[in-house]
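Next comes input32.pdb, with PDB, C-alpha atoms and all ligand atoms.
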MODEL        1
ATOM      1  CA  MET Q   1      36.231 245.193  48.288  1.00  0.00           C
ATOM      2  CA  GLY Q   2      33.560 247.742  47.539  1.00  0.00           C
ATOM      3  CA  TYR Q   3      34.585 251.256  46.715  1.00  0.00           C
ATOM      4  CA  PRO Q   4      38.070 251.382  45.268  1.00  0.00           C
ATOM      5  CA  SER Q   5      40.867 251.483  47.802  1.00  0.00           C
ATOM      6  CA  VAL Q   6      43.942 253.675  47.434  1.00  0.00           C
ATOM      7  CA  THR Q   7      45.811 250.754  45.927  1.00  0.00           C
ATOM      8  CA  ASN Q   8      43.257 249.601  43.358  1.00  0.00           C
ATOM      9  CA  LEU Q   9      41.747 252.892  42.279  1.00  0.00           C
ATOM     10  CA  ALA Q  10      41.386 252.838  38.499  1.00  0.00           C
ATOM     11  CA  VAL Q  11      41.819 256.613  38.141  1.00  0.00           C
ATOM     12  CA  PRO Q  12      45.072 258.307  39.134  1.00  0.00           C
ATOM     13  CA  LEU Q  13      45.002 260.054  42.484  1.00  0.00           C
ATOM     14  CA  PRO Q  14      46.407 263.560  42.967  1.00  0.00           C
ATOM     15  CA  THR Q  15      50.011 263.190  44.077  1.00  0.00           C
ATOM     16  CA  ARG Q  16      49.252 265.137  47.246  1.00  0.00           C
ATOM     17  CA  TYR Q  17      45.838 264.460  48.678  1.00  0.00           C
ATOM     18  CA  ASN Q  18      44.071 264.636  51.962  1.00  0.00           C
ATOM     19  CA  GLY Q  19      41.147 262.574  53.223  1.00  0.00           C
ATOM     20  CA  ASP Q  20      38.553 264.907  51.695  1.00  0.00           C
ATOM     21  CA  VAL Q  21      40.084 264.739  48.236  1.00  0.00           C
ATOM     22  CA  LEU Q  22      40.244 260.954  48.413  1.00  0.00           C
ATOM     23  CA  GLN Q  23      36.647 260.742  49.620  1.00  0.00           C
ATOM     24  CA  HIS Q  24      35.511 262.904  46.709  1.00  0.00           C
ATOM     25  CA  SER Q  25      37.482 260.763  44.265  1.00  0.00           C
ATOM     26  CA  LEU Q  26      35.751 257.650  45.569  1.00  0.00           C
ATOM     27  CA  GLU Q  27      32.310 259.246  45.405  1.00  0.00           C
ATOM     28  CA  ASP Q  28      32.952 260.558  41.874  1.00  0.00           C
ATOM     29  CA  PHE Q  29      34.070 257.099  40.844  1.00  0.00           C
ATOM     30  CA  ALA Q  30      30.914 255.484  42.262  1.00  0.00           C
ATOM     31  CA  MET Q  31      28.642 258.071  40.617  1.00  0.00           C
ATOM     32  CA  THR Q  32      30.136 257.400  37.193  1.00  0.00           C
ATOM     33  CA  HIS Q  33      29.949 253.616  37.736  1.00  0.00           C
ATOM     34  CA  PRO Q  34      26.402 253.030  39.044  1.00  0.00           C
ATOM     35  CA  VAL Q  35      25.097 249.611  40.063  1.00  0.00           C
ATOM     36  CA  ARG Q  36      21.717 248.710  38.570  1.00  0.00           C
ATOM     37  CA  ILE Q  37      19.848 246.018  40.463  1.00  0.00           C
ATOM     38  CA  VAL Q  38      16.740 244.144  39.335  1.00  0.00           C
ATOM     39  CA  GLY Q  39      14.498 242.898  42.131  1.00  0.00           C
ATOM     40  CA  ILE Q  40      12.213 239.886  41.811  1.00  0.00           C
ATOM     41  CA  SER Q  41       9.535 239.012  44.340  1.00  0.00           C
ATOM     42  CA  GLY Q  42       8.484 235.379  44.493  1.00  0.00           C
ATOM     43  CA  SER Q  43       4.993 236.412  45.586  1.00  0.00           C
ATOM     44  CA  LEU Q  44       2.181 237.745  43.413  1.00  0.00           C
ATOM     45  CA  ARG Q  45       0.109 238.620  46.507  1.00  0.00           C
ATOM     46  CA  ARG Q  46      -1.000 242.253  46.663  1.00  0.00           C
ATOM     47  CA  ASP Q  47       0.091 242.712  50.281  1.00  0.00           C
ATOM     48  CA  SER Q  48       3.101 240.412  50.028  1.00  0.00           C
ATOM     49  CA  PHE Q  49       5.690 240.666  52.798  1.00  0.00           C
ATOM     50  CA  ASN Q  50       8.368 239.737  50.285  1.00  0.00           C
ATOM     51  CA  THR Q  51       7.435 242.455  47.839  1.00  0.00           C
ATOM     52  CA  GLY Q  52       7.441 244.711  50.917  1.00  0.00           C
ATOM     53  CA  LEU Q  53      11.050 243.715  51.583  1.00  0.00           C
ATOM     54  CA  LEU Q  54      11.963 244.868  48.064  1.00  0.00           C
ATOM     55  CA  HIS Q  55      10.189 248.181  48.607  1.00  0.00           C
ATOM     56  CA  ALA Q  56      12.203 248.617  51.806  1.00  0.00           C
ATOM     57  CA  ALA Q  57      15.409 247.819  49.915  1.00  0.00           C
ATOM     58  CA  ARG Q  58      14.534 250.520  47.427  1.00  0.00           C
ATOM     59  CA  GLU Q  59      14.178 253.031  50.244  1.00  0.00           C
ATOM     60  CA  LEU Q  60      17.569 252.042  51.654  1.00  0.00           C
ATOM     61  CA  LEU Q  61      19.794 252.026  48.567  1.00  0.00           C
ATOM     62  CA  PRO Q  62      23.415 253.175  48.770  1.00  0.00           C
ATOM     63  CA  ALA Q  63      24.544 256.057  46.538  1.00  0.00           C
ATOM     64  CA  ALA Q  64      24.836 255.418  42.810  1.00  0.00           C
ATOM     65  CA  THR Q  65      22.546 252.393  42.985  1.00  0.00           C
ATOM     66  CA  THR Q  66      19.139 251.757  41.397  1.00  0.00           C
ATOM     67  CA  LEU Q  67      16.614 248.998  42.045  1.00  0.00           C
ATOM     68  CA  ASP Q  68      13.878 248.228  39.515  1.00  0.00           C
ATOM     69  CA  LEU Q  69      11.247 245.635  40.382  1.00  0.00           C
ATOM     70  CA  ALA Q  70      10.492 243.055  37.710  1.00  0.00           C
ATOM     71  CA  ASP Q  71       6.930 241.836  37.184  1.00  0.00           C
ATOM     72  CA  ILE Q  72       6.608 238.066  36.861  1.00  0.00           C
ATOM     73  CA  SER Q  73       2.808 237.960  37.131  1.00  0.00           C
ATOM     74  CA  ALA Q  74       2.185 237.556  33.366  1.00  0.00           C
ATOM     75  CA  ILE Q  75       4.759 234.840  32.781  1.00  0.00           C
ATOM     76  CA  PRO Q  76       3.102 231.700  31.369  1.00  0.00           C
ATOM     77  CA  LEU Q  77       3.912 228.190  32.555  1.00  0.00           C
ATOM     78  CA  TYR Q  78       7.115 226.931  30.999  1.00  0.00           C
ATOM     79  CA  ASN Q  79       6.588 224.815  27.899  1.00  0.00           C
ATOM     80  CA  GLN Q  80       9.562 223.949  25.727  1.00  0.00           C
ATOM     81  CA  ASP Q  81       7.302 223.512  22.680  1.00  0.00           C
ATOM     82  CA  VAL Q  82       6.285 227.174  22.979  1.00  0.00           C
ATOM     83  CA  GLN Q  83       9.901 228.250  23.319  1.00  0.00           C
ATOM     84  CA  LEU Q  84      11.092 226.231  20.311  1.00  0.00           C
ATOM     85  CA  GLU Q  85       8.131 227.008  18.038  1.00  0.00           C
ATOM     86  CA  GLN Q  86       7.341 230.632  18.969  1.00  0.00           C
ATOM     87  CA  GLY Q  87      10.326 231.897  20.910  1.00  0.00           C
ATOM     88  CA  PHE Q  88      10.094 233.470  24.316  1.00  0.00           C
ATOM     89  CA  PRO Q  89       6.657 234.966  25.142  1.00  0.00           C
ATOM     90  CA  ALA Q  90       6.725 238.764  25.504  1.00  0.00           C
ATOM     91  CA  PRO Q  91       6.661 238.858  29.358  1.00  0.00           C
ATOM     92  CA  VAL Q  92       9.510 236.334  29.434  1.00  0.00           C
ATOM     93  CA  GLN Q  93      11.570 238.269  26.889  1.00  0.00           C
ATOM     94  CA  ARG Q  94      11.015 241.451  28.911  1.00  0.00           C
ATOM     95  CA  LEU Q  95      12.259 239.770  32.090  1.00  0.00           C
ATOM     96  CA  ARG Q  96      15.250 238.283  30.264  1.00  0.00           C
ATOM     97  CA  ASP Q  97      16.162 241.709  28.862  1.00  0.00           C
ATOM     98  CA  GLU Q  98      15.808 243.368  32.271  1.00  0.00           C
ATOM     99  CA  ILE Q  99      18.064 240.790  33.879  1.00  0.00           C
ATOM    100  CA  ALA Q 100      20.617 240.910  31.063  1.00  0.00           C
ATOM    101  CA  ALA Q 101      20.824 244.706  31.372  1.00  0.00           C
ATOM    102  CA  ALA Q 102      21.156 244.641  35.169  1.00  0.00           C
ATOM    103  CA  ASP Q 103      24.401 244.499  37.116  1.00  0.00           C
ATOM    104  CA  ALA Q 104      22.937 242.416  39.938  1.00  0.00           C
ATOM    105  CA  LEU Q 105      19.824 240.583  41.105  1.00  0.00           C
ATOM    106  CA  LEU Q 106      17.948 240.795  44.395  1.00  0.00           C
ATOM    107  CA  ILE Q 107      15.367 238.060  44.985  1.00  0.00           C
ATOM    108  CA  ALA Q 108      12.853 238.137  47.828  1.00  0.00           C
ATOM    109  CA  THR Q 109      11.328 234.702  48.160  1.00  0.00           C
ATOM    110  CA  PRO Q 110       8.468 233.384  50.252  1.00  0.00           C
ATOM    111  CA  GLU Q 111       8.671 229.791  51.453  1.00  0.00           C
ATOM    112  CA  TYR Q 112       6.020 227.485  50.011  1.00  0.00           C
ATOM    113  CA  ASN Q 113       6.099 223.929  51.321  1.00  0.00           C
ATOM    114  CA  TYR Q 114       9.746 224.211  52.303  1.00  0.00           C
ATOM    115  CA  SER Q 115      10.814 225.543  48.890  1.00  0.00           C
ATOM    116  CA  VAL Q 116      10.486 228.494  46.545  1.00  0.00           C
ATOM    117  CA  PRO Q 117       7.007 229.252  45.143  1.00  0.00           C
ATOM    118  CA  GLY Q 118       6.207 227.746  41.760  1.00  0.00           C
ATOM    119  CA  VAL Q 119       5.760 231.163  40.180  1.00  0.00           C
ATOM    120  CA  LEU Q 120       9.344 232.083  41.037  1.00  0.00           C
ATOM    121  CA  LYS Q 121      10.781 228.745  39.915  1.00  0.00           C
ATOM    122  CA  ASN Q 122       8.786 228.993  36.677  1.00  0.00           C
ATOM    123  CA  ALA Q 123      10.172 232.472  35.948  1.00  0.00           C
ATOM    124  CA  LEU Q 124      13.720 231.288  36.719  1.00  0.00           C
ATOM    125  CA  ASP Q 125      13.230 228.273  34.444  1.00  0.00           C
ATOM    126  CA  TRP Q 126      12.234 230.495  31.488  1.00  0.00           C
ATOM    127  CA  VAL Q 127      15.178 232.851  31.973  1.00  0.00           C
ATOM    128  CA  SER Q 128      17.596 229.938  32.439  1.00  0.00           C
ATOM    129  CA  ARG Q 129      17.165 228.714  28.863  1.00  0.00           C
ATOM    130  CA  PRO Q 130      19.749 229.813  26.280  1.00  0.00           C
ATOM    131  CA  GLY Q 131      18.442 232.357  23.779  1.00  0.00           C
ATOM    132  CA  PRO Q 132      18.881 232.207  19.979  1.00  0.00           C
ATOM    133  CA  GLN Q 133      22.454 233.502  20.330  1.00  0.00           C
ATOM    134  CA  GLN Q 134      23.066 231.180  23.286  1.00  0.00           C
ATOM    135  CA  GLU Q 135      22.696 234.130  25.638  1.00  0.00           C
ATOM    136  CA  LEU Q 136      22.294 233.201  29.306  1.00  0.00           C
ATOM    137  CA  PRO Q 137      21.036 236.234  31.265  1.00  0.00           C
ATOM    138  CA  PHE Q 138      21.855 234.695  34.654  1.00  0.00           C
ATOM    139  CA  ASN Q 139      25.412 233.685  33.855  1.00  0.00           C
ATOM    140  CA  ARG Q 140      27.812 235.160  36.474  1.00  0.00           C
ATOM    141  CA  LYS Q 141      25.207 237.673  37.672  1.00  0.00           C
ATOM    142  CA  PRO Q 142      25.713 238.732  41.314  1.00  0.00           C
ATOM    143  CA  LEU Q 143      22.734 237.729  43.474  1.00  0.00           C
ATOM    144  CA  ALA Q 144      21.408 238.535  46.926  1.00  0.00           C
ATOM    145  CA  ILE Q 145      18.555 236.635  48.549  1.00  0.00           C
ATOM    146  CA  MET Q 146      16.123 237.585  51.289  1.00  0.00           C
ATOM    147  CA  GLY Q 147      12.771 236.314  52.476  1.00  0.00           C
ATOM    148  CA  ALA Q 148       9.934 236.861  54.916  1.00  0.00           C
ATOM    149  CA  SER Q 149       7.479 234.449  56.478  1.00  0.00           C
ATOM    150  CA  PRO Q 150       4.942 234.555  59.307  1.00  0.00           C
ATOM    151  CA  SER Q 151       6.581 231.391  60.677  1.00  0.00           C
ATOM    152  CA  LEU Q 152       9.622 231.107  62.953  1.00  0.00           C
ATOM    153  CA  PHE Q 153      11.849 229.847  60.141  1.00  0.00           C
ATOM    154  CA  GLY Q 154      11.949 233.006  58.056  1.00  0.00           C
ATOM    155  CA  THR Q 155      12.151 231.197  54.665  1.00  0.00           C
ATOM    156  CA  VAL Q 156      15.460 229.470  55.490  1.00  0.00           C
ATOM    157  CA  ARG Q 157      14.487 226.281  53.658  1.00  0.00           C
ATOM    158  CA  ALA Q 158      13.299 228.165  50.571  1.00  0.00           C
ATOM    159  CA  GLN Q 159      16.481 230.237  50.528  1.00  0.00           C
ATOM    160  CA  LEU Q 160      18.639 227.115  50.646  1.00  0.00           C
ATOM    161  CA  HIS Q 161      16.683 225.668  47.718  1.00  0.00           C
ATOM    162  CA  LEU Q 162      17.160 228.918  45.831  1.00  0.00           C
ATOM    163  CA  ARG Q 163      20.906 228.705  46.448  1.00  0.00           C
ATOM    164  CA  GLN Q 164      20.864 225.199  44.995  1.00  0.00           C
ATOM    165  CA  ILE Q 165      19.056 226.471  41.888  1.00  0.00           C
ATOM    166  CA  ALA Q 166      21.594 229.305  41.621  1.00  0.00           C
ATOM    167  CA  VAL Q 167      24.398 226.745  41.197  1.00  0.00           C
ATOM    168  CA  TYR Q 168      23.029 225.492  37.882  1.00  0.00           C
ATOM    169  CA  LEU Q 169      22.213 228.999  36.691  1.00  0.00           C
ATOM    170  CA  ASN Q 170      25.792 230.063  37.500  1.00  0.00           C
ATOM    171  CA  LEU Q 171      24.497 233.000  39.501  1.00  0.00           C
ATOM    172  CA  LEU Q 172      27.019 234.336  41.995  1.00  0.00           C
ATOM    173  CA  PRO Q 173      25.181 234.717  45.330  1.00  0.00           C
ATOM    174  CA  ILE Q 174      26.521 236.461  48.378  1.00  0.00           C
ATOM    175  CA  ASN Q 175      26.336 234.467  51.608  1.00  0.00           C
ATOM    176  CA  LYS Q 176      26.035 237.189  54.252  1.00  0.00           C
ATOM    177  CA  PRO Q 177      24.136 238.816  55.749  1.00  0.00           C
ATOM    178  CA  GLU Q 178      21.319 236.293  55.884  1.00  0.00           C
ATOM    179  CA  VAL Q 179      17.992 238.094  55.778  1.00  0.00           C
ATOM    180  CA  LEU Q 180      15.516 235.620  57.262  1.00  0.00           C
ATOM    181  CA  VAL Q 181      12.528 237.651  58.349  1.00  0.00           C
ATOM    182  CA  MET Q 182      10.504 235.542  60.772  1.00  0.00           C
ATOM    183  CA  ARG Q 183       7.147 236.527  62.287  1.00  0.00           C
ATOM    184  CA  ALA Q 184       6.714 238.918  59.388  1.00  0.00           C
ATOM    185  CA  GLY Q 185       3.277 239.991  60.579  1.00  0.00           C
ATOM    186  CA  ASP Q 186       4.927 241.796  63.511  1.00  0.00           C
ATOM    187  CA  LYS Q 187       7.413 243.643  61.296  1.00  0.00           C
ATOM    188  CA  PHE Q 188       5.202 245.189  58.634  1.00  0.00           C
ATOM    189  CA  ARG Q 189       2.518 247.829  59.013  1.00  0.00           C
ATOM    190  CA  ALA Q 190       0.148 248.469  56.114  1.00  0.00           C
ATOM    191  CA  GLY Q 191       2.552 246.642  53.801  1.00  0.00           C
ATOM    192  CA  ARG Q 192       5.617 248.657  54.882  1.00  0.00           C
ATOM    193  CA  LEU Q 193       8.590 247.153  56.702  1.00  0.00           C
ATOM    194  CA  VAL Q 194       8.720 249.123  59.964  1.00  0.00           C
ATOM    195  CA  ASP Q 195      10.959 246.950  62.147  1.00  0.00           C
ATOM    196  CA  GLU Q 196      14.188 248.946  62.414  1.00  0.00           C
ATOM    197  CA  PRO Q 197      16.651 246.026  62.977  1.00  0.00           C
ATOM    198  CA  THR Q 198      15.195 244.310  59.910  1.00  0.00           C
ATOM    199  CA  ARG Q 199      15.442 247.518  57.872  1.00  0.00           C
ATOM    200  CA  ALA Q 200      19.107 247.806  58.897  1.00  0.00           C
ATOM    201  CA  LEU Q 201      19.689 244.201  57.829  1.00  0.00           C
ATOM    202  CA  VAL Q 202      18.085 244.818  54.425  1.00  0.00           C
ATOM    203  CA  ALA Q 203      20.283 247.903  53.988  1.00  0.00           C
ATOM    204  CA  ASP Q 204      23.358 245.799  54.880  1.00  0.00           C
ATOM    205  CA  LEU Q 205      22.354 243.157  52.342  1.00  0.00           C
ATOM    206  CA  VAL Q 206      21.995 245.682  49.533  1.00  0.00           C
ATOM    207  CA  GLN Q 207      25.322 247.282  50.449  1.00  0.00           C
ATOM    208  CA  ALA Q 208      26.963 243.843  50.433  1.00  0.00           C
ATOM    209  CA  LEU Q 209      25.466 243.138  46.998  1.00  0.00           C
ATOM    210  CA  VAL Q 210      26.778 246.449  45.656  1.00  0.00           C
ATOM    211  CA  ASN Q 211      30.228 245.764  47.134  1.00  0.00           C
ATOM    212  CA  TRP Q 212      30.260 242.262  45.618  1.00  0.00           C
ATOM    213  CA  THR Q 213      29.146 243.586  42.218  1.00  0.00           C
ATOM    214  CA  ARG Q 214      31.894 246.214  42.241  1.00  0.00           C
ATOM    215  CA  GLU Q 215      34.462 243.626  43.316  1.00  0.00           C
ATOM    216  CA  LEU Q 216      33.482 241.322  40.451  1.00  0.00           C
ATOM    217  CA  ARG Q 217      33.778 244.288  38.048  1.00  0.00           C
ATOM    218  CA  GLY Q 218      37.295 244.860  39.358  1.00  0.00           C
ATOM    219  CA  GLU Q 219      36.511 248.296  40.826  1.00  0.00           C
TER
HETATM  220  C1  LIG L 301       1.060 227.111  49.284  1.00  0.00           C
HETATM  221  C2  LIG L 301       1.672 227.712  50.528  1.00  0.00           C
HETATM  222  C3  LIG L 301       2.661 227.009  51.181  1.00  0.00           C
HETATM  223  C4  LIG L 301       3.275 227.571  52.301  1.00  0.00           C
HETATM  224  N1  LIG L 301       4.317 226.912  52.911  1.00  0.00           N
HETATM  225  C5  LIG L 301       5.021 227.514  53.874  1.00  0.00           C
HETATM  226  C6  LIG L 301       6.230 226.931  54.387  1.00  0.00           C
HETATM  227  O1  LIG L 301       6.648 225.877  53.977  1.00  0.00           O
HETATM  228  N2  LIG L 301       6.916 227.625  55.329  1.00  0.00           N
HETATM  229  C7  LIG L 301       6.494 228.831  55.811  1.00  0.00           C
HETATM  230  O2  LIG L 301       7.174 229.401  56.655  1.00  0.00           O
HETATM  231  N3  LIG L 301       5.357 229.409  55.354  1.00  0.00           N
HETATM  232  C8  LIG L 301       4.624 228.775  54.392  1.00  0.00           C
HETATM  233  N4  LIG L 301       3.500 229.380  53.877  1.00  0.00           N
HETATM  234  C9  LIG L 301       3.050 230.673  54.429  1.00  0.00           C
HETATM  235  C10 LIG L 301       3.764 231.820  53.731  1.00  0.00           C
HETATM  236  O3  LIG L 301       5.004 232.020  54.371  1.00  0.00           O
HETATM  237  C11 LIG L 301       2.912 233.085  53.822  1.00  0.00           C
HETATM  238  O4  LIG L 301       1.730 232.891  53.073  1.00  0.00           O
HETATM  239  C12 LIG L 301       3.650 234.315  53.352  1.00  0.00           C
HETATM  240  O5  LIG L 301       2.879 235.454  53.697  1.00  0.00           O
HETATM  241  C13 LIG L 301       3.919 234.289  51.853  1.00  0.00           C
HETATM  242  O6  LIG L 301       4.721 235.364  51.472  1.00  0.00           O
HETATM  243  P1  LIG L 301       4.122 236.768  50.904  1.00  0.00           P
HETATM  244  O7  LIG L 301       3.575 237.482  52.121  1.00  0.00           O
HETATM  245  O8  LIG L 301       5.288 237.448  50.324  1.00  0.00           O
HETATM  246  O9  LIG L 301       3.042 236.439  49.928  1.00  0.00           O
HETATM  247  C14 LIG L 301       2.853 228.823  52.792  1.00  0.00           C
HETATM  248  C15 LIG L 301       1.816 229.504  52.110  1.00  0.00           C
HETATM  249  C16 LIG L 301       1.247 228.958  50.995  1.00  0.00           C
HETATM  250  C17 LIG L 301       0.173 229.738  50.259  1.00  0.00           C
ENDMDL
END

Turn this file's structure into structure tokens for me.
Amino acid sequence: MGYPSVTNLAVPLPTRYNGDVLQHSLEDFAMTHPVRIVGISGSLRRDSFNTGLLHAARELLPAATTLDLADISAIPLYNQDVQLEQGFPAPVQRLRDEIAAADALLIATPEYNYSVPGVLKNALDWVSRPGPQQELPFNRKPLAIMGASPSLFGTVRAQLHLRQIAVYLNLLPINKPEVLVMRAGDKFRAGRLVDEPTRALVADLVQALVNWTRELRGE
């Protein structure tokens, strides 16, 4: 799992190597095989805790990893008539292209009434539809989920709903670690995640997503 081991390394190793040589081989391999992640926040709120989680993830990325945040604020309400008669609206097409080009997805979801916010579900619904060439941007895409809430439940019910949605989209979510940020108001300062245990958990989640993505790519 993760960086290639001695037995599954795709490039030949020097016949005589020491730990340093092996370490450099692994780092070289990772640098030439980056993992590009797209992050989606389920909140449009300016000072969103969940968008803050994504900003923290971006500060805590492993080597050879990028995280670009998608913007779902301009996505119109799903209407199949629009899709069939006019194609995907420009903000939808942009999101579809970003997801198709990414190696993995990281979603930070608030919990609204025990589920995911409508804006997130609406964006997922648009991207879930097959394109003109039957392209399905979510198909077999590695996914990690996290969420923050001022309550004591830390978005657990929303995250479980999102996992249910992921089944139909054929996303491939990782299970652990669970990032359920409760009492979010105590963990952010001026929009920045400052709670160190939570920052460590976010870093672990991103590392797990990168490892899972590399494993699925056979690296
Ligand atoms: C319509 C609505 C429904 C909500 N329902 C829940 C809920 O079911 N569980 C919960 O823990 N918080 C709930 N909240 C509070 C949100 O967790 C809180 O607003 C949070 O800050 C939203 O995430 P954000 O900071 O990323 O915008 C709800 C908020 C709104 C606006």

What do you get as an NGL selection string if you pick all residues at most 12 Å from ligand LIG 301 (chain L), counting all atoms listed in the file?
:Q and (40-55 or 107-120 or 146-159 or 161 or 180-188 or 191-193)

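For the set Q:Glu219, Q:Asp81, Q:Asp68, Q:Glu27, the residue with the smallest atom-to-atom gap to Leu95 of chain Q is Q:Asp68, counting all atoms listed in the file.
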
All residues 12 Å or closer to segment 129-138 of chain Q, all atoms listed in the file, same chain fewer than 2 positions away omitted, as a tab-separated table (two decimals) with C-alpha atoms, in the frame of the given file:
chain	number	residue	atom	x	y	z
Q	38	VAL	CA	16.74	244.14	39.34
Q	78	TYR	CA	7.12	226.93	31.00
Q	79	ASN	CA	6.59	224.82	27.90
Q	80	GLN	CA	9.56	223.95	25.73
Q	83	GLN	CA	9.90	228.25	23.32
Q	84	LEU	CA	11.09	226.23	20.31
Q	86	GLN	CA	7.34	230.63	18.97
Q	87	GLY	CA	10.33	231.90	20.91
Q	88	PHE	CA	10.09	233.47	24.32
Q	92	VAL	CA	9.51	236.33	29.43
Q	93	GLN	CA	11.57	238.27	26.89
Q	94	ARG	CA	11.02	241.45	28.91
Q	95	LEU	CA	12.26	239.77	32.09
Q	96	ARG	CA	15.25	238.28	30.26
Q	97	ASP	CA	16.16	241.71	28.86
Q	98	GLU	CA	15.81	243.37	32.27
Q	99	ILE	CA	18.06	240.79	33.88
Q	100	ALA	CA	20.62	240.91	31.06
Q	101	ALA	CA	20.82	244.71	31.37
Q	102	ALA	CA	21.16	244.64	35.17
Q	103	ASP	CA	24.40	244.50	37.12
Q	104	ALA	CA	22.94	242.42	39.94
Q	105	LEU	CA	19.82	240.58	41.10
Q	122	ASN	CA	8.79	228.99	36.68
Q	123	ALA	CA	10.17	232.47	35.95
Q	124	LEU	CA	13.72	231.29	36.72
Q	125	ASP	CA	13.23	228.27	34.44
Q	126	TRP	CA	12.23	230.50	31.49
Q	127	VAL	CA	15.18	232.85	31.97
Q	140	ARG	CA	27.81	235.16	36.47
Q	141	LYS	CA	25.21	237.67	37.67
Q	142	PRO	CA	25.71	238.73	41.31
Q	143	LEU	CA	22.73	237.73	43.47
Q	165	ILE	CA	19.06	226.47	41.89
Q	166	ALA	CA	21.59	229.30	41.62
Q	167	VAL	CA	24.40	226.74	41.20
Q	168	TYR	CA	23.03	225.49	37.88
Q	169	LEU	CA	22.21	229.00	36.69
Q	170	ASN	CA	25.79	230.06	37.50
Q	171	LEU	CA	24.50	233.00	39.50
Q	172	LEU	CA	27.02	234.34	42.00
Q	173	PRO	CA	25.18	234.72	45.33

What are the centre and edge lengths in Å, to one decimal, of the axis-aligned box around all listed atoms of segment 81-92 of chain Q with 3 Å added on each side, as lines of an AutoDock Vina configuration file?
center_x = 8.7
center_y = 231.2
center_z = 23.7
size_x = 10.8
size_y = 21.3
size_z = 17.4

Mind giving me the straight-line distance from atom CA of Gln207 of chain Q to atom CA of Ala56 of chain Q in Å, one decimal?
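Separation of atom CA of Gln207 of chain Q and atom CA of Ala56 of chain Q: 13.3 Å.
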
For atom CA of Leu205 of chain Q and atom CA of Ile174 of chain Q, the interatomic separation in Å (one decimal):
8.8 Å

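Counting from atom CA of Leu77 of chain Q, the distance to atom CA of Pro89 of chain Q is 10.4 Å.
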
For the PyMOL selection byres (((chain Q and resi 177) around 9) and not hetatm), applied here, can you spell out every residue it catches as a PyMOL selection string?
chain Q and resi 174-176+178-179+201-202+204-205+208

Can you tell me, as a ChimeraX atom specification, what residues are no more than 7 Å from segment 30-35 of chain Q when counting all atoms listed in the file, ignoring any on the same chain fewer than 5 positions away?
/Q:64-66,103,210

Let me make sure I understand: among Q:Arg189, Q:Val82, Q:Lys121, Q:Arg36, which one has the smallest atom-to-atom distance to Pro62 of chain Q if we use only C-alpha atoms?
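Selected residue with least distance to Pro62 of chain Q: Q:Arg36.
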